[in-house]
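Visitor: Following this line is run07.cif, made up of mmCIF, C-alpha atoms:
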data_query
#
loop_
_atom_site.group_PDB
_atom_site.id
_atom_site.type_symbol
_atom_site.label_atom_id
_atom_site.label_comp_id
_atom_site.auth_asym_id
_atom_site.auth_seq_id
_atom_site.Cartn_x
_atom_site.Cartn_y
_atom_site.Cartn_z
ATOM 1 C CA MET W 1 115.213 101.203 122.417
ATOM 2 C CA ALA W 2 114.681 100.178 118.792
ATOM 3 C CA ASN W 3 113.049 103.322 117.339
ATOM 4 C CA GLU W 4 109.577 101.805 117.590
ATOM 5 C CA ARG W 5 106.820 103.367 115.511
ATOM 6 C CA VAL W 6 104.003 105.185 117.328
ATOM 7 C CA LEU W 7 100.659 106.543 116.115
ATOM 8 C CA ILE W 8 99.215 109.489 118.054
ATOM 9 C CA VAL W 9 95.428 109.814 118.185
ATOM 10 C CA GLU W 10 94.564 113.192 119.718
ATOM 11 C CA ASP W 11 92.062 115.813 118.554
ATOM 12 C CA GLU W 12 93.693 118.690 120.438
ATOM 13 C CA LYS W 13 96.399 119.937 118.079
ATOM 14 C CA ILE W 14 98.651 121.447 120.744
ATOM 15 C CA VAL W 15 98.613 118.262 122.828
ATOM 16 C CA ALA W 16 99.290 116.139 119.735
ATOM 17 C CA GLU W 17 102.261 118.300 118.753
ATOM 18 C CA ASP W 18 103.676 118.155 122.297
ATOM 19 C CA LEU W 19 103.397 114.376 122.225
ATOM 20 C CA HIS W 20 105.080 114.274 118.843
ATOM 21 C CA ASP W 21 108.034 116.319 120.094
ATOM 22 C CA MET W 22 108.395 114.288 123.304
ATOM 23 C CA LEU W 23 108.341 110.976 121.486
ATOM 24 C CA GLU W 24 110.931 112.077 118.971
ATOM 25 C CA ARG W 25 113.207 113.241 121.798
ATOM 26 C CA LEU W 26 112.808 109.752 123.248
ATOM 27 C CA ASN W 27 113.885 108.264 119.884
ATOM 28 C CA TYR W 28 110.472 106.927 118.915
ATOM 29 C CA GLN W 29 109.293 107.330 115.328
ATOM 30 C CA VAL W 30 105.904 109.058 115.084
ATOM 31 C CA ILE W 31 104.203 107.646 111.994
ATOM 32 C CA GLY W 32 101.230 109.994 112.044
ATOM 33 C CA LEU W 33 98.702 112.129 113.898
ATOM 34 C CA ALA W 34 95.033 111.121 113.822
ATOM 35 C CA SER W 35 92.231 113.245 115.220
ATOM 36 C CA SER W 36 89.323 110.750 115.110
ATOM 37 C CA GLY W 37 88.671 107.108 115.821
ATOM 38 C CA GLU W 38 87.890 106.346 112.202
ATOM 39 C CA GLU W 39 91.127 107.978 111.050
ATOM 40 C CA ALA W 40 93.075 106.040 113.698
ATOM 41 C CA ILE W 41 91.793 102.729 112.351
ATOM 42 C CA GLN W 42 92.640 103.686 108.776
ATOM 43 C CA MET W 43 96.160 104.817 109.699
ATOM 44 C CA THR W 44 96.785 101.691 111.758
ATOM 45 C CA GLU W 45 95.821 99.516 108.816
ATOM 46 C CA ALA W 46 97.995 101.507 106.439
ATOM 47 C CA ASN W 47 101.105 101.999 108.602
ATOM 48 C CA HIS W 48 101.163 99.132 111.156
ATOM 49 C CA PRO W 49 102.487 101.075 114.169
ATOM 50 C CA ASP W 50 104.067 99.289 117.128
ATOM 51 C CA LEU W 51 101.899 101.275 119.546
ATOM 52 C CA VAL W 52 98.896 103.600 119.414
ATOM 53 C CA LEU W 53 98.591 106.456 121.908
ATOM 54 C CA MET W 54 94.835 106.976 122.038
ATOM 55 C CA ASP W 55 92.934 109.887 123.555
ATOM 56 C CA ILE W 56 89.700 108.554 125.062
ATOM 57 C CA ARG W 57 87.578 111.616 124.295
ATOM 58 C CA LEU W 58 87.567 112.253 120.541
ATOM 59 C CA LYS W 59 85.353 114.302 118.286
ATOM 60 C CA GLY W 60 83.048 112.383 115.988
ATOM 61 C CA ASP W 61 80.850 109.318 116.268
ATOM 62 C CA MET W 62 83.584 107.002 117.601
ATOM 63 C CA ASP W 63 85.417 107.660 120.859
ATOM 64 C CA GLY W 64 88.898 106.387 121.693
ATOM 65 C CA ILE W 65 87.670 103.303 123.538
ATOM 66 C CA GLU W 66 85.631 102.128 120.556
ATOM 67 C CA ALA W 67 88.555 102.833 118.239
ATOM 68 C CA ALA W 68 90.990 100.944 120.505
ATOM 69 C CA GLU W 69 88.678 97.938 120.607
ATOM 70 C CA ALA W 70 88.479 97.882 116.802
ATOM 71 C CA ILE W 71 92.239 98.315 116.383
ATOM 72 C CA TRP W 72 93.038 95.424 118.708
ATOM 73 C CA ALA W 73 90.385 93.165 117.170
ATOM 74 C CA GLN W 74 91.538 93.807 113.598
ATOM 75 C CA PHE W 75 95.299 94.268 113.926
ATOM 76 C CA GLU W 76 96.317 93.237 117.485
ATOM 77 C CA THR W 77 98.141 96.554 117.789
ATOM 78 C CA PRO W 78 98.658 97.576 121.443
ATOM 79 C CA VAL W 79 96.905 100.729 122.616
ATOM 80 C CA THR W 80 97.779 103.035 125.511
ATOM 81 C CA TYR W 81 95.134 105.542 126.544
ATOM 82 C CA LEU W 82 95.614 109.272 126.969
ATOM 83 C CA THR W 83 92.943 110.885 129.103
ATOM 84 C CA ALA W 84 92.141 113.738 131.407
ATOM 85 C CA TYR W 85 89.050 111.836 132.532
ATOM 86 C CA ALA W 86 89.578 109.237 135.246
ATOM 87 C CA ASP W 87 85.967 108.710 136.348
ATOM 88 C CA GLU W 88 85.017 105.156 137.246
ATOM 89 C CA SER W 89 82.616 104.497 134.367
ATOM 90 C CA THR W 90 85.184 105.631 131.780
ATOM 91 C CA LEU W 91 87.918 103.512 133.360
ATOM 92 C CA GLU W 92 85.638 100.465 133.457
ATOM 93 C CA ARG W 93 84.902 100.834 129.747
ATOM 94 C CA ALA W 94 88.591 101.323 129.008
ATOM 95 C CA LYS W 95 89.688 98.319 131.097
ATOM 96 C CA ALA W 96 87.304 96.065 129.172
ATOM 97 C CA THR W 97 89.397 96.644 126.026
ATOM 98 C CA LEU W 98 92.553 95.324 127.769
ATOM 99 C CA PRO W 99 94.767 98.365 127.121
ATOM 100 C CA PHE W 100 98.529 98.281 127.579
ATOM 101 C CA GLY W 101 98.584 101.351 129.812
ATOM 102 C CA TYR W 102 97.171 104.751 130.738
ATOM 103 C CA ILE W 103 98.662 108.251 130.691
ATOM 104 C CA LEU W 104 96.719 110.858 132.642
ATOM 105 C CA LYS W 105 96.811 114.431 131.372
ATOM 106 C CA PRO W 106 98.708 116.582 132.105
ATOM 107 C CA PHE W 107 101.813 114.381 132.001
ATOM 108 C CA GLU W 108 105.562 114.783 132.126
ATOM 109 C CA GLU W 109 108.006 113.395 129.584
ATOM 110 C CA ARG W 110 109.297 110.860 132.092
ATOM 111 C CA ASP W 111 105.734 109.561 132.615
ATOM 112 C CA LEU W 112 105.293 109.195 128.873
ATOM 113 C CA ARG W 113 108.593 107.367 128.509
ATOM 114 C CA THR W 114 107.854 104.905 131.330
ATOM 115 C CA THR W 115 104.340 104.137 130.123
ATOM 116 C CA VAL W 116 105.360 103.657 126.490
ATOM 117 C CA GLU W 117 108.317 101.426 127.382
ATOM 118 C CA ILE W 118 106.183 99.235 129.649
ATOM 119 C CA ALA W 119 103.433 98.950 127.011
ATOM 120 C CA LEU W 120 105.885 97.905 124.295
ATOM 121 C CA TYR W 121 107.645 95.447 126.596
ATOM 122 C CA LYS W 122 104.350 93.907 127.707
ATOM 123 C CA HIS W 123 103.241 93.463 124.111
ATOM 124 C CA ARG W 124 106.558 91.856 123.121
ATOM 125 C CA MET W 125 106.301 89.406 126.023
ATOM 126 C CA GLU W 126 102.679 88.514 125.222
ATOM 127 C CA THR W 127 103.594 87.960 121.570
ATOM 128 C CA THR W 128 106.511 85.714 122.584
ATOM 129 C CA ILE W 129 104.302 83.697 124.929
ATOM 130 C CA LYS W 130 101.671 83.206 122.223
ATOM 131 C CA LYS W 131 104.339 81.978 119.814
ATOM 132 C CA MET W 132 105.731 79.568 122.410
ATOM 133 C CA GLU W 133 102.253 78.263 123.187
ATOM 134 C CA GLY W 134 101.730 77.696 119.467
ATOM 135 C CA TRP W 135 105.037 75.857 119.176
ATOM 136 C CA TYR W 136 104.252 73.663 122.179
ATOM 137 C CA ALA W 137 100.775 72.860 120.883
ATOM 138 C CA SER W 138 102.178 71.963 117.459
ATOM 139 C CA ALA W 139 104.832 69.766 119.058
ATOM 140 C CA LEU W 140 102.278 67.925 121.203
ATOM 141 C CA ASP W 141 99.940 67.507 118.243
ATOM 142 C CA SER W 142 102.723 65.944 116.193
ATOM 143 C CA LEU W 143 103.709 63.356 118.811
ATOM 144 C CA THR W 144 102.884 59.733 118.078
ATOM 145 C CA ASP W 145 102.463 59.099 121.820
ATOM 146 C CA ALA W 146 99.061 59.940 123.273
ATOM 147 C CA VAL W 147 99.141 63.006 125.534
ATOM 148 C CA ILE W 148 96.407 64.132 127.931
ATOM 149 C CA ALA W 149 96.725 67.093 130.309
ATOM 150 C CA THR W 150 94.605 67.817 133.371
ATOM 151 C CA ASN W 151 94.199 70.733 135.742
ATOM 152 C CA ALA W 152 94.756 70.589 139.498
ATOM 153 C CA GLN W 153 91.291 69.107 140.028
ATOM 154 C CA GLY W 154 91.843 66.305 137.521
ATOM 155 C CA GLY W 155 89.717 67.922 134.817
ATOM 156 C CA ILE W 156 90.863 67.268 131.240
ATOM 157 C CA THR W 157 92.271 70.372 129.543
ATOM 158 C CA PHE W 158 94.063 68.948 126.485
ATOM 159 C CA MET W 159 94.283 65.856 124.282
ATOM 160 C CA ASN W 160 96.490 65.515 121.224
ATOM 161 C CA PRO W 161 95.290 63.745 118.056
ATOM 162 C CA ALA W 162 97.127 60.532 119.021
ATOM 163 C CA ALA W 163 95.177 60.385 122.294
ATOM 164 C CA GLU W 164 91.898 60.948 120.471
ATOM 165 C CA THR W 165 92.691 58.132 118.026
ATOM 166 C CA LEU W 166 93.767 55.647 120.690
ATOM 167 C CA THR W 167 90.984 56.303 123.211
ATOM 168 C CA GLY W 168 88.152 56.919 120.766
ATOM 169 C CA TRP W 169 87.259 60.160 122.558
ATOM 170 C CA SER W 170 87.604 63.669 121.114
ATOM 171 C CA LEU W 171 88.801 66.604 123.185
ATOM 172 C CA ARG W 172 85.440 68.295 122.709
ATOM 173 C CA GLN W 173 83.681 65.289 124.245
ATOM 174 C CA VAL W 174 85.851 65.092 127.368
ATOM 175 C CA LEU W 175 87.000 68.680 127.954
ATOM 176 C CA GLY W 176 86.546 69.506 131.639
ATOM 177 C CA LYS W 177 85.554 65.965 132.629
ATOM 178 C CA LYS W 178 87.494 64.143 135.337
ATOM 179 C CA PHE W 179 90.274 61.997 133.938
ATOM 180 C CA ASN W 180 89.645 59.211 136.456
ATOM 181 C CA GLU W 181 85.966 59.089 135.523
ATOM 182 C CA THR W 182 86.594 59.033 131.761
ATOM 183 C CA PHE W 183 89.666 56.874 131.139
ATOM 184 C CA ARG W 184 90.214 53.549 132.872
ATOM 185 C CA ILE W 185 93.498 51.684 132.918
ATOM 186 C CA SER W 186 93.759 48.301 134.606
ATOM 187 C CA SER W 187 96.762 46.343 135.741
ATOM 188 C CA ALA W 188 98.385 44.319 132.970
ATOM 189 C CA THR W 189 98.373 41.284 135.296
ATOM 190 C CA GLN W 190 94.575 41.526 135.607
ATOM 191 C CA PRO W 191 93.477 42.472 132.091
ATOM 192 C CA HIS W 192 89.771 41.906 132.732
ATOM 193 C CA SER W 193 89.631 44.015 135.904
ATOM 194 C CA LEU W 194 88.683 47.531 134.828
ATOM 195 C CA SER W 195 86.882 48.688 137.937
ATOM 196 C CA ALA W 196 89.667 50.944 139.210
ATOM 197 C CA PRO W 197 90.584 54.041 137.190
ATOM 198 C CA LEU W 198 94.121 55.311 136.823
ATOM 199 C CA GLU W 199 95.062 57.211 139.966
ATOM 200 C CA ILE W 200 96.593 60.568 139.053
ATOM 201 C CA PRO W 201 98.654 62.262 141.793
ATOM 202 C CA ALA W 202 96.716 65.069 143.464
ATOM 203 C CA ALA W 203 97.780 68.635 142.824
ATOM 204 C CA SER W 204 98.967 68.946 146.408
ATOM 205 C CA THR W 205 101.211 65.891 146.094
ATOM 206 C CA PRO W 206 104.969 66.603 146.092
ATOM 207 C CA ASP W 207 106.974 65.881 142.957
ATOM 208 C CA ARG W 208 105.885 62.420 141.960
ATOM 209 C CA SER W 209 105.467 60.529 138.702
ATOM 210 C CA LEU W 210 104.651 56.997 137.612
ATOM 211 C CA ALA W 211 107.625 55.425 135.823
ATOM 212 C CA ARG W 212 105.909 53.994 132.748
ATOM 213 C CA PRO W 213 104.071 50.954 134.110
ATOM 214 C CA VAL W 214 102.139 48.660 131.764
ATOM 215 C CA GLY W 215 98.354 48.506 131.797
ATOM 216 C CA MET W 216 95.197 47.889 129.779
ATOM 217 C CA LEU W 217 93.289 50.912 128.459
ATOM 218 C CA ARG W 218 89.569 50.642 127.809
ATOM 219 C CA THR W 219 88.517 52.776 124.834
ATOM 220 C CA LYS W 220 85.236 54.590 124.275
ATOM 221 C CA ASP W 221 83.794 51.673 122.291
ATOM 222 C CA GLY W 222 84.766 49.114 124.949
ATOM 223 C CA HIS W 223 87.896 47.694 123.329
ATOM 224 C CA LYS W 224 91.088 47.266 125.300
ATOM 225 C CA HIS W 225 94.658 48.151 124.358
ATOM 226 C CA ARG W 226 97.827 47.138 126.146
ATOM 227 C CA ILE W 227 99.699 50.369 126.890
ATOM 228 C CA GLU W 228 102.712 51.765 128.661
ATOM 229 C CA TYR W 229 102.033 55.061 130.440
ATOM 230 C CA SER W 230 103.416 57.709 132.760
ATOM 231 C CA VAL W 231 101.988 60.553 134.830
ATOM 232 C CA THR W 232 104.068 63.676 135.460
ATOM 233 C CA PRO W 233 103.033 66.721 137.524
ATOM 234 C CA ILE W 234 102.743 70.078 135.723
ATOM 235 C CA LYS W 235 104.360 72.800 137.809
ATOM 236 C CA GLY W 236 103.543 76.505 137.877
ATOM 237 C CA ASP W 237 104.961 79.379 139.872
ATOM 238 C CA GLU W 238 107.047 78.443 142.913
ATOM 239 C CA ASP W 239 106.894 74.762 141.886
ATOM 240 C CA GLN W 240 103.186 74.580 142.685
ATOM 241 C CA ILE W 241 101.594 71.601 140.966
ATOM 242 C CA THR W 242 98.821 72.877 138.688
ATOM 243 C CA GLY W 243 97.873 69.642 136.951
ATOM 244 C CA ASN W 244 99.239 66.466 135.429
ATOM 245 C CA LEU W 245 100.499 65.286 132.062
ATOM 246 C CA VAL W 246 99.578 61.708 131.127
ATOM 247 C CA VAL W 247 101.581 60.154 128.287
ATOM 248 C CA PHE W 248 100.928 56.653 126.981
ATOM 249 C CA HIS W 249 101.421 54.537 123.900
ATOM 250 C CA GLN W 250 100.087 51.264 122.612
ATOM 251 C CA MET W 251 102.585 48.463 122.971
ATOM 252 C CA ALA W 252 103.813 46.950 119.703
ATOM 253 C CA SER W 253 103.146 43.359 120.742
ATOM 254 C CA GLN W 254 99.400 43.878 120.938
ATOM 255 C CA ARG W 255 98.441 46.754 118.693
ATOM 256 C CA GLU W 256 94.988 45.379 118.000
ATOM 257 C CA THR W 257 93.862 43.753 121.241
ATOM 258 C CA ARG W 258 90.070 43.841 121.047
ATOM 259 C CA SER W 259 88.335 42.292 124.048
ATOM 260 C CA ALA W 260 84.925 43.756 124.809
ATOM 261 C CA VAL W 261 84.283 44.476 128.473
#
Would you write the structure of this file as structure tokens?
Guide:
Amino acid sequence: MANERVLIVEDEKIVAEDLHDMLERLNYQVIGLASSGEEAIQMTEANHPDLVLMDIRLKGDMDGIEAAEAIWAQFETPVTYLTAYADESTLERAKATLPFGYILKPFEERDLRTTVEIALYKHRMETTIKKMEGWYASALDSLTDAVIATNAQGGITFMNPAAETLTGWSLRQVLGKKFNETFRISSATQPHSLSAPLEIPAASTPDRSLARPVGMLRTKDGHKHRIEYSVTPIKGDEDQITGNLVVFHQMASQRETRSAV
């Protein structure tokens, strides 16, 4: 435990003070007590807590759910709800704000500790994943090889700038379209035969990849480029194939082959 900083938002003074004492016994640093949604937003902006414990029912024009939604939208600070109200409509509203946990009143110290620890851990993991996704996207964008990713159904989910430049298509133009219906690669031994699209392994196919064969790629404007390419399955949980990664580059010997179809 790293003495994380917690903001308590609770308009019942006795409950707020009990929370304060419990959290300090658990080695958390309480950075303030807010009694309204508006005050919670102001204190979050000023103090940047690691977690906000938010009562759903607050006095004033803004309830805890509205305040939590604003806090996440503006600061991406995780919120855990405190509530004595577990009716379905309230929970549905609360769930829509994607909270990091719930504590039902009355609660024991052990319940508070478990919920707070899980909320902080979940937020750390989500932050790490977002950073990794950003790193991967930056790495793919910087590659000189063209990269195109598909989902399990063959729909295009990603293209890096090199792929857009080489094919003449932008990601916005092809997003969701079938790879085999958008990009055509013919055999290098039959450069004028473009009737058959590149066959990507199906998502149900066992581990299989194409070991960089040579072919002719037809671009959006009808030109052809001699390329070397490979297709590698993308694996998810339990090695389930969730899509494919197609990587190709224009061969140096014919960088500007331009034969209209």
Visitor: I'd like to see the residues matched by the PyMOL selection byres ((chain W and resi 101) around 10) on this file, and ideally I'd get them as a list in words.
Guide: Leu53, Pro78, Val79, Thr80, Tyr81, Leu82, Lys95, Leu98, Pro99, Phe100, Tyr102, Ile103, Thr115, Val116, Ile118, Ala119, Leu120 and Lys122 of chain W
Visitor: Tell me, in Å to one decimal, how far atom CA of W:Glu39 is from atom CA of W:Thr97.
Guide: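 Rounded to one decimal, the two atoms are 18.9 Å apart.
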Visitor: Can you work out which one of W:Gly236, W:Gly37, W:Pro106, W:Gly134 has the shortest atom-to-atom distance to W:Asp63, counting all atoms listed in the file?
Guide: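 Looking only at the distances to W:Asp63, the closest residue turns out to be W:Gly37.
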Visitor: Between atom CA of W:Ile185 and atom CA of W:Arg218, what is the distance in Å, rounded to a tenth?
Guide: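 Separating atom CA of W:Ile185 from atom CA of W:Arg218 is a distance of 6.5 Å.
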Visitor: In terms of the shortest atom-to-atom distance over all atoms listed in the file, which of W:Ala149, W:Gln29, W:Glu117, W:Asp18 is closest to W:Thr232?
Guide: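 Comparing W:Ala149, W:Gln29, W:Glu117, W:Asp18 against W:Thr232, the winner is W:Ala149.
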Visitor: Any idea what the distance is between atom CA of W:Ser230 and atom CA of W:Ala146?
Guide: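 Rounded to one decimal, the two atoms are 10.7 Å apart.
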Visitor: Set the distance at 8 Å and use only C-alpha atoms: which residues neighbour stretch 40-43 of chain W once local chain neighbours fewer than 5 positions away are removed? I'd like the list as a ChimeraX atom specification.
Guide: /W:7,9,32,34-35,48,67,70-71
Visitor: Can you write out the residues you just picked, keeping C-alpha atoms, as a PDB file, keeping the file's coordinate frame?
Guide:
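What ended up in out.pdb:
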ATOM      1  CA  LEU W   7     100.659 106.543 116.115  1.00  0.00           C
ATOM      2  CA  VAL W   9      95.428 109.814 118.185  1.00  0.00           C
ATOM      3  CA  GLY W  32     101.230 109.994 112.044  1.00  0.00           C
ATOM      4  CA  ALA W  34      95.033 111.121 113.822  1.00  0.00           C
ATOM      5  CA  SER W  35      92.231 113.245 115.220  1.00  0.00           C
ATOM      6  CA  HIS W  48     101.163  99.132 111.156  1.00  0.00           C
ATOM      7  CA  ALA W  67      88.555 102.833 118.239  1.00  0.00           C
ATOM      8  CA  ALA W  70      88.479  97.882 116.802  1.00  0.00           C
ATOM      9  CA  ILE W  71      92.239  98.315 116.383  1.00  0.00           C
TER      10      ILE W  71
END
Visitor: Using all atoms listed in the file - which residues lie no farther than 10 Å from the point (88.5, 72.4, 124.8) in the file's frame? Write them as a PDB file with C-alpha atoms, keeping the file's coordinate frame.
Guide:
ATOM      1  CA  ILE W 156      90.863  67.268 131.240  1.00  0.00           C
ATOM      2  CA  THR W 157      92.271  70.372 129.543  1.00  0.00           C
ATOM      3  CA  PHE W 158      94.063  68.948 126.485  1.00  0.00           C
ATOM      4  CA  MET W 159      94.283  65.856 124.282  1.00  0.00           C
ATOM      5  CA  SER W 170      87.604  63.669 121.114  1.00  0.00           C
ATOM      6  CA  LEU W 171      88.801  66.604 123.185  1.00  0.00           C
ATOM      7  CA  ARG W 172      85.440  68.295 122.709  1.00  0.00           C
ATOM      8  CA  GLN W 173      83.681  65.289 124.245  1.00  0.00           C
ATOM      9  CA  VAL W 174      85.851  65.092 127.368  1.00  0.00           C
ATOM     10  CA  LEU W 175      87.000  68.680 127.954  1.00  0.00           C
ATOM     11  CA  GLY W 176      86.546  69.506 131.639  1.00  0.00           C
TER      12      GLY W 176
END
Visitor: So, counting all atoms listed in the file, which residue among W:Glu17, W:Asp11, W:Glu126, W:Glu24 is closest to W:Met54?
Guide: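 Of W:Glu17, W:Asp11, W:Glu126, W:Glu24, the one nearest W:Met54 is W:Asp11, counting all atoms listed in the file.
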Visitor: Identify, on the basis of only C-alpha atoms, every residue whose closest approach to W:Val6 does not exceed 6 Å; exclude the query and any residue fewer than 5 positions from it along the same chain; express the result as a VMD selection string.
Guide: chain W and resid 30 to 31 49 to 52
Visitor: The centre and edge lengths of an axis-aligned box containing all atoms of stretch 21-34 of chain W present in the file, extended by 4 Å on each side, are to be given in Å to one decimal, as JSON.
Guide:
{"center_x": 104.5, "center_y": 111.6, "center_z": 117.6, "size_x": 26.9, "size_y": 17.4, "size_z": 19.3}
Visitor: With only C-alpha atoms as the basis for distance, which of W:Ser138, W:Thr77, W:Thr165, W:Thr83 is at the shortest distance from W:Arg124?
Guide: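 Between W:Ser138, W:Thr77, W:Thr165, W:Thr83, the residue approaching W:Arg124 most closely is W:Thr77.
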